Amino acid sequence: MSKPREELNPFEIAKRQIDRVGRRLKLDPGLIELFKTPKRELTVNFPVRMDDGNLKVFTGYRVQYNDALGPFKGGIRYHWNVSLDEVRALACWMTWKCAVMGLPFGGAKGGVICNPKEMSRGELERMTRRYASEISVIIGPEKDIPAPDVYTDAQTMAWIMDTISMSVGYAVPEVVTGKPVGIGGSLGREEATSRGLMYATREAAKRTKMNLKGASVGVQGFGNVGYNYARLMHDEIGAKIVAVSDSRGGIYNPDGLDPMKVLAFKEKTGSVQGFPGSKKVTNEELLELDVDVLAPCALENVITSENAARIKAKIVAEGANGPTTPEADDIMYERGLVVLPDILANGGGVTVSYFEWVQNMQEFFWTKREVDEKLEGQMVRSFESVWNMAQKEKVDLRMAAYMVAINRVAEAYRLRGIYP
Ligand code: GLU
């Protein structure tokens, strides 16, 4: 595969996106500069006792990007490719995601450079607790509320919640979202990102007159977001999941795959590859399959200037954060593809995180049905405002989503004023 021509540093991409939108909205250049700058960044280096008795030093980050609209909010990622610039970009995108979803939160993100696949449960717990303790100086229920992201889950959140609670001497469930239901998590949070992505796909299909029943769907990534999206599209919409993949590679079956069976196979063998009746495809090939809907649900920069012209899907639903570069956006827009931008398409996760936080603050819990209904309402409303903006301004949906989001944050600055 030839290399894409463009810049792939995610924070440079995030800043380019802001420049584009800022110019279009004719924003004060000072405000554009502010929106391209994280408010607060914390780097922590800390030791963890590994199972073999040795000490290992880990590096983690928490970037608090912007809190004009409310407390900082955003996940924590464990990955070997975590870098300060990646966390900055993800924190920046959280700011616009919360704004476009209409949530009273700002944007933040955390990350630890590690390989969770090679760590034992005990090592992961000790690393998580120490990282939580290191960032405890800036997080809190009214300040900054972490949640799961790539390779972190409800268990990770339980350890963070317990660590913070131990240090203050009472239970603080509202310091994180995406917790297990047994300690104050919300029903429906686990699948919320995928459920929201399904609603966004449905809204886009309605407007482009695509019948989703029997439509073919390719999903890159088989973690929490990719798996649940495949399952919900299969079970609730009746779509045909023809391809899925994980970090090792993908599988393809034009007659359709049963996501639950694929998950059972992956849990047994460690990968989706080798699933009976399927043909092997690479992660790159999966993106270019002849499908109706393509959902990149893994990592950044998978659709670039190099492959954008070969994407055949009519709808691209971004379950991942930052899967598409600006150059690829332009190519796909010219070709008439509908790209559902990450800050809108995967906003269902943080929306139910908001519901979880509200339930924790009120100490009053909702049924799964209430959560799903409220999520659907929030997704449909946000989708509508973005779609209408795109029609009115004759721009792609990413530009439209940013216009809606940045207008809301800019308005917060107008109302609050600049201190002092
Ligand atoms: N990590 C998720 C995201 O990127 C969820 C963040 C949250 O719930 O705070 O949107």
# chains A, B, ... in the order shown; residues from 1 in each chain; ligands from 1
>>> residues_around(residues="A:Ile343", least_positions_apart="4", cutoff="9 Å", atoms="only C-alpha atoms", output="PyMOL selection string")
chain A and resi 93-98+100-101+318+321-322+347+398+401-402
>>> select_by_dssp(residues="stretch 344-404 of chain A", states="helix (DSSP H, G or I)", output="number ranges by chain")
A: 344-345, 348-362, 368-393, 397-404
>>> residues_near_ligand(ligand="ligand 1", cutoff="6 Å", atoms="only C-alpha atoms and all ligand atoms", output="list of chain:residue names")
A:Lys73, A:Gly74, A:Gly75, A:Pro146, A:Ala147, A:Pro148, A:Asp149, A:Gly347, A:Gly349, A:Val350, A:Ser353
>>> residues_around(residues="stretch 273-275 of chain A", least_positions_apart="3", cutoff="7 Å", atoms="only C-alpha atoms", output="number ranges by chain")
A: 249-251, 262, 265, 278, 280
>>> atom_distance(atom1="atom CA of A:Arg189", atom2="atom CA of A:Lys368")
9.3 Å
>>> residues_around(residues="A:Asp67", least_positions_apart="6", cutoff="8 Å", atoms="only C-alpha atoms", output="MDAnalysis selection string")
chainID A and resid 95 105:107
>>> closest_residue(among="A:Tyr354, A:Phe35, A:Phe46, A:Tyr78", to="A:Ala192", atoms="only C-alpha atoms")
A:Tyr354
>>> residues_around(residues="stretch 52-55 of chain A", least_positions_apart="6", cutoff="12 Å", atoms="only C-alpha atoms", output="list in words")
Phe46, Met119, Ser120, Gly122, Glu123, Arg126 and Met127 of chain A
>>> closest_residue(among="A:Glu356, A:Glu327, A:Pro341, A:Val21", to="A:Pro180", atoms="only C-alpha atoms")
A:Glu356
>>> residues_around(residues="A:Leu212", least_positions_apart="2", cutoff="10 Å", atoms="only C-alpha atoms", output="list in words")
Thr201, Arg202, Ala205, Lys206, Lys209, Met210, Gly214, Ala215, Ser216, Val217, Met233, Ile237, Gly238, Ala239, Lys240, Asp292 and Val293 of chain A
>>> residues_around(residues="stretch 157-165 of chain A", least_positions_apart="5", cutoff="7 Å", atoms="only C-alpha atoms", output="ChimeraX atom specification")
/A:125,128-129,132-133,136,147-148,170-173,175-176,178-180
>>> closest_residue(among="A:Gln64, A:Thr156, A:Asn253, A:Gln359", to="A:Gly184", atoms="only C-alpha atoms")
A:Gln359
>>> select_by_dssp(residues="stretch 313-395 of chain A", states="strand (DSSP E)", output="PyMOL selection string")
chain A and resi 315-317+338-340
>>> closest_residue(among="A:Ala317, A:Ile139, A:Val371, A:Leu25", to="A:Arg408", atoms="only C-alpha atoms")
A:Leu25
